[in-house]
Structures are given as C-alpha cells and as structure tokens.
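S.K.: Below is data-v2.pdb; it holds PDB, C-alpha atoms.
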```pdb
ATOM      1  CA  MET X  26      93.882 -27.762 -27.236
ATOM      2  CA  TYR X  27      92.164 -31.132 -27.571
ATOM      3  CA  ASP X  28      92.755 -34.647 -28.799
ATOM      4  CA  LYS X  29      92.420 -34.331 -32.581
ATOM      5  CA  SER X  30      92.191 -38.110 -32.952
ATOM      6  CA  ILE X  31      88.505 -37.943 -31.987
ATOM      7  CA  LEU X  32      87.941 -35.548 -34.868
ATOM      8  CA  SER X  33      89.808 -37.256 -37.688
ATOM      9  CA  ASN X  34      87.551 -40.247 -38.274
ATOM     10  CA  SER X  35      84.130 -41.340 -37.190
ATOM     11  CA  SER X  36      83.823 -44.251 -34.799
ATOM     12  CA  ARG X  37      82.702 -46.423 -37.727
ATOM     13  CA  GLY X  38      86.033 -45.941 -39.488
ATOM     14  CA  GLU X  39      84.532 -43.984 -42.403
ATOM     15  CA  LYS X  40      86.517 -41.487 -44.395
ATOM     16  CA  SER X  41      86.014 -37.953 -43.144
ATOM     17  CA  VAL X  42      86.110 -34.474 -44.564
ATOM     18  CA  LEU X  43      88.360 -32.387 -42.316
ATOM     19  CA  SER X  44      88.677 -28.655 -42.018
ATOM     20  CA  LYS X  45      92.020 -26.966 -41.518
ATOM     21  CA  LYS X  46      92.288 -23.705 -39.633
ATOM     22  CA  GLY X  47      92.733 -20.863 -42.060
ATOM     23  CA  ALA X  48      92.644 -23.097 -45.161
ATOM     24  CA  ASN X  49      90.273 -21.392 -47.622
ATOM     25  CA  SER X  50      87.314 -22.212 -45.400
ATOM     26  CA  MET X  51      86.184 -18.631 -44.816
ATOM     27  CA  SER X  52      83.795 -16.518 -46.788
ATOM     28  CA  VAL X  53      83.844 -13.047 -45.294
ATOM     29  CA  LEU X  54      81.696 -10.046 -46.156
ATOM     30  CA  GLN X  55      82.677  -6.567 -45.062
ATOM     31  CA  SER X  56      80.564  -6.653 -41.916
ATOM     32  CA  LEU X  57      82.832  -9.323 -40.415
ATOM     33  CA  GLY X  58      86.576  -8.874 -40.475
ATOM     34  CA  GLN X  59      88.955 -11.813 -40.845
ATOM     35  CA  GLY X  60      90.061 -11.429 -37.231
ATOM     36  CA  MET X  61      86.505 -11.778 -35.961
ATOM     37  CA  CYS X  62      86.008 -14.885 -38.115
ATOM     38  CA  LEU X  63      89.161 -16.450 -36.717
ATOM     39  CA  ASP X  64      87.964 -15.621 -33.203
ATOM     40  CA  PHE X  65      84.590 -17.259 -33.905
ATOM     41  CA  HIS X  66      86.393 -20.278 -35.355
ATOM     42  CA  SER X  67      88.550 -20.629 -32.256
ATOM     43  CA  VAL X  68      85.638 -20.319 -29.801
ATOM     44  CA  VAL X  69      83.460 -22.784 -31.742
ATOM     45  CA  ASP X  70      86.393 -25.188 -32.121
ATOM     46  CA  GLU X  71      87.043 -25.294 -28.370
ATOM     47  CA  THR X  72      83.339 -25.448 -27.437
ATOM     48  CA  LEU X  73      82.676 -28.254 -29.907
ATOM     49  CA  ALA X  74      85.673 -30.199 -28.577
ATOM     50  CA  GLN X  75      84.374 -29.805 -25.011
ATOM     51  CA  ALA X  76      80.895 -30.999 -26.046
ATOM     52  CA  LEU X  77      82.291 -34.008 -27.926
ATOM     53  CA  ARG X  78      84.296 -35.031 -24.858
ATOM     54  CA  LEU X  79      81.470 -34.370 -22.419
ATOM     55  CA  PHE X  80      78.801 -36.329 -24.322
ATOM     56  CA  ARG X  81      80.955 -38.989 -26.010
ATOM     57  CA  ASN X  82      79.117 -41.811 -24.202
ATOM     58  CA  GLU X  83      75.622 -40.578 -25.091
ATOM     59  CA  PRO X  84      74.018 -42.829 -27.750
ATOM     60  CA  LYS X  85      72.971 -39.912 -29.997
ATOM     61  CA  TRP X  86      76.562 -38.621 -30.000
ATOM     62  CA  GLN X  87      78.196 -41.859 -31.170
ATOM     63  CA  GLY X  88      80.202 -41.310 -34.354
ATOM     64  CA  ARG X  89      79.944 -37.512 -34.130
ATOM     65  CA  SER X  90      83.222 -35.735 -34.730
ATOM     66  CA  GLY X  91      82.479 -32.300 -36.116
ATOM     67  CA  ALA X  92      79.946 -29.888 -37.523
ATOM     68  CA  TYR X  93      79.396 -27.017 -39.912
ATOM     69  CA  PHE X  94      79.153 -23.592 -38.276
ATOM     70  CA  CYS X  95      77.906 -20.398 -39.845
ATOM     71  CA  VAL X  96      77.354 -16.792 -38.852
ATOM     72  CA  SER X  97      74.540 -15.138 -40.774
ATOM     73  CA  ASP X  98      72.837 -11.783 -40.957
ATOM     74  CA  ALA X  99      69.844 -11.823 -38.579
ATOM     75  CA  THR X 100      67.607 -10.017 -41.068
ATOM     76  CA  THR X 101      68.407 -11.757 -44.355
ATOM     77  CA  GLY X 102      69.858 -15.058 -43.188
ATOM     78  CA  ILE X 103      72.739 -14.639 -45.634
ATOM     79  CA  ALA X 104      75.844 -16.404 -44.301
ATOM     80  CA  PHE X 105      78.869 -14.168 -43.724
ATOM     81  CA  PHE X 106      81.079 -17.002 -42.592
ATOM     82  CA  THR X 107      80.748 -20.776 -42.893
ATOM     83  CA  VAL X 108      83.320 -23.332 -41.783
ATOM     84  CA  LEU X 109      83.630 -27.035 -41.058
ATOM     85  CA  ILE X 110      84.931 -27.586 -37.537
ATOM     86  CA  GLY X 111      86.377 -31.063 -36.994
ATOM     87  CA  GLY X 112      85.283 -33.740 -39.406
ATOM     88  CA  LEU X 113      82.140 -35.228 -40.831
ATOM     89  CA  PRO X 114      81.720 -38.524 -42.634
ATOM     90  CA  ILE X 115      81.752 -37.842 -46.374
ATOM     91  CA  ASP X 116      78.123 -38.907 -46.742
ATOM     92  CA  MET X 117      77.096 -36.265 -44.161
ATOM     93  CA  ALA X 118      79.286 -33.358 -45.295
ATOM     94  CA  ASP X 119      76.981 -31.884 -47.950
ATOM     95  CA  VAL X 120      73.879 -32.421 -45.826
ATOM     96  CA  GLY X 121      75.526 -30.776 -42.810
ATOM     97  CA  LEU X 122      76.367 -27.674 -44.826
ATOM     98  CA  VAL X 123      72.855 -27.433 -46.257
ATOM     99  CA  PHE X 124      71.195 -27.898 -42.847
ATOM    100  CA  CYS X 125      73.491 -25.365 -41.180
ATOM    101  CA  GLN X 126      72.629 -22.621 -43.653
ATOM    102  CA  GLU X 127      68.951 -23.607 -43.885
ATOM    103  CA  LYS X 128      68.509 -23.224 -40.112
ATOM    104  CA  ALA X 129      69.920 -19.679 -40.259
ATOM    105  CA  ARG X 130      67.804 -18.623 -43.267
ATOM    106  CA  ARG X 131      64.662 -20.072 -41.691
ATOM    107  CA  LEU X 132      65.309 -18.314 -38.381
ATOM    108  CA  ALA X 133      65.860 -15.012 -40.224
ATOM    109  CA  SER X 134      62.505 -15.496 -41.964
ATOM    110  CA  HIS X 135      60.833 -15.619 -38.521
ATOM    111  CA  PRO X 136      61.934 -12.309 -36.937
ATOM    112  CA  ASP X 137      59.859 -12.983 -33.821
ATOM    113  CA  HIS X 138      61.709 -16.261 -33.129
ATOM    114  CA  VAL X 139      64.929 -16.527 -31.121
ATOM    115  CA  ALA X 140      65.826 -20.094 -32.138
ATOM    116  CA  SER X 141      65.267 -22.352 -35.147
ATOM    117  CA  TRP X 142      63.750 -24.846 -32.692
ATOM    118  CA  GLU X 143      60.582 -22.708 -32.794
ATOM    119  CA  SER X 144      59.986 -23.469 -36.486
ATOM    120  CA  ARG X 145      61.391 -27.005 -36.626
ATOM    121  CA  ASP X 146      59.538 -29.576 -38.673
ATOM    122  CA  GLU X 147      60.980 -33.076 -38.778
ATOM    123  CA  ASN X 148      58.700 -34.001 -41.711
ATOM    124  CA  THR X 149      60.458 -31.439 -43.916
ATOM    125  CA  LYS X 150      63.892 -32.005 -42.317
ATOM    126  CA  GLN X 151      64.001 -28.589 -40.681
ATOM    127  CA  TYR X 152      65.741 -28.808 -37.326
ATOM    128  CA  GLY X 153      66.853 -26.726 -34.367
ATOM    129  CA  GLY X 154      70.442 -25.635 -33.880
ATOM    130  CA  ALA X 155      70.459 -21.932 -34.808
ATOM    131  CA  ILE X 156      70.000 -19.026 -32.414
ATOM    132  CA  ARG X 157      69.530 -15.274 -32.835
ATOM    133  CA  CYS X 158      72.074 -12.964 -31.147
ATOM    134  CA  GLY X 159      71.456  -9.326 -31.950
ATOM    135  CA  ASN X 160      72.493  -8.696 -35.562
ATOM    136  CA  TYR X 161      73.696 -12.261 -36.043
ATOM    137  CA  ILE X 162      72.358 -15.766 -36.281
ATOM    138  CA  LEU X 163      74.697 -18.530 -35.142
ATOM    139  CA  SER X 164      73.996 -21.971 -36.608
ATOM    140  CA  LEU X 165      75.569 -25.401 -36.215
ATOM    141  CA  SER X 166      74.818 -28.732 -37.880
ATOM    142  CA  GLY X 167      76.523 -32.059 -37.305
ATOM    143  CA  LEU X 168      75.675 -32.981 -33.721
ATOM    144  CA  PRO X 169      72.361 -34.191 -32.353
ATOM    145  CA  GLU X 170      69.887 -31.353 -32.906
ATOM    146  CA  LEU X 171      69.877 -30.101 -29.315
ATOM    147  CA  GLY X 172      73.646 -30.556 -29.148
ATOM    148  CA  ASP X 173      73.935 -28.087 -32.029
ATOM    149  CA  GLU X 174      71.798 -25.653 -30.041
ATOM    150  CA  ALA X 175      73.732 -26.139 -26.784
ATOM    151  CA  VAL X 176      77.062 -25.440 -28.509
ATOM    152  CA  MET X 177      75.607 -22.288 -30.090
ATOM    153  CA  LEU X 178      74.329 -21.117 -26.683
ATOM    154  CA  ALA X 179      77.813 -21.580 -25.209
ATOM    155  CA  VAL X 180      79.463 -19.775 -28.141
ATOM    156  CA  ALA X 181      76.953 -16.919 -27.891
ATOM    157  CA  ASP X 182      77.598 -16.642 -24.159
ATOM    158  CA  ALA X 183      81.383 -16.771 -24.448
ATOM    159  CA  PHE X 184      81.829 -14.694 -27.612
ATOM    160  CA  LEU X 185      78.829 -12.378 -27.972
ATOM    161  CA  LYS X 186      77.884 -12.114 -24.293
ATOM    162  CA  ILE X 187      74.267 -13.107 -24.991
ATOM    163  CA  LYS X 188      71.888 -11.943 -22.272
ATOM    164  CA  LYS X 189      71.298 -14.621 -19.659
ATOM    165  CA  ASN X 190      67.505 -14.345 -19.901
ATOM    166  CA  LEU X 191      67.600 -14.856 -23.696
ATOM    167  CA  ARG X 192      69.992 -17.788 -23.340
ATOM    168  CA  ASP X 193      67.779 -19.378 -20.675
ATOM    169  CA  THR X 194      64.621 -18.787 -22.754
ATOM    170  CA  ILE X 195      66.133 -20.568 -25.756
ATOM    171  CA  ALA X 196      67.271 -23.545 -23.666
ATOM    172  CA  ALA X 197      63.896 -23.755 -21.879
ATOM    173  CA  GLN X 198      61.866 -23.652 -25.120
ATOM    174  CA  SER X 199      63.576 -26.753 -26.455
ATOM    175  CA  LYS X 200      63.996 -28.391 -23.031
ATOM    176  CA  ASN X 201      67.646 -28.751 -24.023
ATOM    177  CA  PRO X 202      69.121 -31.659 -22.026
ATOM    178  CA  TYR X 203      72.738 -30.849 -22.984
ATOM    179  CA  TRP X 204      72.823 -27.180 -22.051
ATOM    180  CA  PRO X 205      73.118 -27.459 -18.228
ATOM    181  CA  SER X 206      76.098 -29.836 -18.388
ATOM    182  CA  LEU X 207      77.853 -27.931 -21.201
ATOM    183  CA  ARG X 208      77.303 -24.604 -19.403
ATOM    184  CA  LEU X 209      78.938 -26.014 -16.257
ATOM    185  CA  CYS X 210      81.774 -27.633 -18.211
ATOM    186  CA  MET X 211      82.510 -24.345 -19.987
ATOM    187  CA  GLY X 212      82.397 -22.378 -16.708
ATOM    188  CA  LEU X 213      79.534 -20.157 -17.876
ATOM    189  CA  ALA X 214      77.323 -18.361 -15.354
ATOM    190  CA  ALA X 215      74.078 -20.032 -14.292
TER     191      ALA X 215
END
```
Before anything else, please render the file you have as structure tokens.
M.R.:
Amino acid sequence: MYDKSILSNSSRGEKSVLSKKGANSMSVLQSLGQGMCLDFHSVVDETLAQALRLFRNEPKWQGRSGAYFCVSDATTGIAFFTVLIGGLPIDMADVGLVFCQEKARRLASHPDHVASWESRDENTKQYGGAIRCGNYILSLSGLPELGDEAVMLAVADAFLKIKKNLRDTIAAQSKNPYWPSLRLCMGLAA
C-alpha cells in the first residue's frame, strides 16, 4: 500500500474530502458487477498513489492528493461507476466530479475520438483526462490535465489490456510528458 498521509490533506493544510474504500461511493449498473468496480478502484488507487509519489516535486502537482475516477459507457457517456480516490480540497471536490463526468460524456459524443484531449477547449473548461477503451470510457479529474490522462493510460494498460498502439497514439496526440515515466514506474511494456 502507500503512505496515506499524502492523501489526507493538501499541502496548503486545507480540509479535504476523503473517500473510503467500499463506503457508499459506488454507483453500479448491471453491466458492471461490484467485484469489477472494486477491482477498478484498487487499480486506480495504486496507480494514482504511484503517480503522486513520482511527480510530487513537479510544480503542477503541488497540493494534489486525489481525484475523481469514473467508468462510463463508450456510446452514451453515462457513468456506471464514479468514486473519489484519495482526497481533494473541499473547494475542488464538486468541480472535480463535474469535470470527470463531463470528460467522459464529451468523449462519448465524439465516437471517432480516442481521448478527451482531442476535443479539449480551455475557454469552456473542457479538458483532457478521459480515454476510450472498447466499450468503456475511463476518466479522471483532480491531477494536472495530462496527469489525469497518464493515470488512465496506466489503468487501461494494467486492467483492460489496452492495445499498445492505441495507448501510444493517445499519449502521442497530447505529447503527454508524464506517461513515459509513469509507464516505467508501473512496469508496463514500452
């Protein structure tokens, strides 16, 4: 496991909203069983912890301690499962949830896109951080934008066995600076 002290409060000493494993944080439709949701939770939890440790000295990562994660239907964008992993400052909790689900819905509305990066628009606060994996869209919000994407690439590789060429295409499109280091740290194939 990992040092939970980095997840309990932000570096600015703000109050945080914390998730608890298995504590009413899951919304499951029939297409995902509870076991699969717990597996997703565990993989995202460990990947997020690795990323937070790996990039803790990067300026954009200062004060980051968690993120919202959701799994959505790739056609409709409807979230099957949404959970807070780690903690977010209270003032970011609602925004993180909204952004996480918005990224997935937006990606679903662009069936020819493989990542929300392709339709990002900073002027309308639409960011990258969601990726398409077969019948699912994986989305994360709470890290720097490309950190969200890198964690989702690692989760997709570890959990859904995303094809290497799709994974590499997504990372190349956004010129993701975090992906190479996170991939190596997680022991994922080049």
S.K.: Which residues would end up in the selection if the PyMOL selection byres ((chain X and resi 78-82) around 10) were applied here, given that I need the answer as a count of residues only?
M.R.: 22
S.K.: Could you please determine the separation between CA of Gly112 (chain X) and CA of Gly91 (chain X) in Å, to one decimal place?
M.R.: 4.6 Å
S.K.: Considering only C-alpha atoms, can you say which of X:Asp64, X:Gly212, X:Ala99, X:Thr194 comes closest to Trp142 (chain X)?
M.R.: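 Nearest candidate to Trp142 (chain X) out of X:Asp64, X:Gly212, X:Ala99, X:Thr194: X:Thr194.
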S.K.: Calculated over only C-alpha atoms, which of the candidates X:Arg131, X:Ala140, X:Phe184, X:Gly154 has the smallest distance to Ser67 (chain X)?
M.R.: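 The shortest atom-to-atom distance to Ser67 (chain X) comes from X:Phe184.
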S.K.: Could you tell me which residues the PyMOL selection byres ((chain X and resi 187) around 12) grabs in this file, written as a PyMOL selection string?
M.R.: chain X and resi 139+156-163+177-186+188-195+213-214
S.K.: Would you kindly return, as number ranges by chain, each protein, DNA or RNA residue with an atom no farther than 9 Å from any atom of Ser144 (chain X), considering all atoms listed in the file and excluding same-chain residues fewer than 2 positions away?
M.R.: X: 131-132, 135, 138, 140-142, 146, 151-153
S.K.: CA of Ala196 (chain X) and CA of Pro114 (chain X), how far apart in Å?
M.R.: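 Here the two named atoms are 28.2 Å from each other.
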S.K.: Between CA of Ile110 (chain X) and CA of Asp70 (chain X), what is the distance, to one decimal in Å?
M.R.: 6.1 Å
S.K.: Applied to this file, what does the PyMOL selection byres ((chain X and resi 129) around 7) return in terms of residues, put as number ranges by chain?
M.R.: X: 97, 102, 125-128, 130-133, 155, 162, 164
S.K.: Which centre and edge lengths in Å to one decimal define the box along x, y and z that fits every listed atom of region 137-153 of chain X plus 6 Å per side, as AutoDock Vina command-line options?
M.R.:
```
--center_x 62.8 --center_y -23.5 --center_z -37.5 --size_x 20.2 --size_y 33.0 --size_z 24.8
```
S.K.: Given all atoms listed in the file as the basis, pick out the residue of X:Thr107, X:Thr101, X:Ala197, X:Asp137 nearest to Leu165 (chain X).
M.R.: X:Thr107
S.K.: Kindly indicate which residue among X:Leu171, X:Met211, X:Met117, X:Leu122 lies nearest to Tyr93 (chain X), using only C-alpha atoms for the distances.
M.R.: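 Of X:Leu171, X:Met211, X:Met117, X:Leu122, the one nearest Tyr93 (chain X) is X:Leu122, counting only C-alpha atoms.
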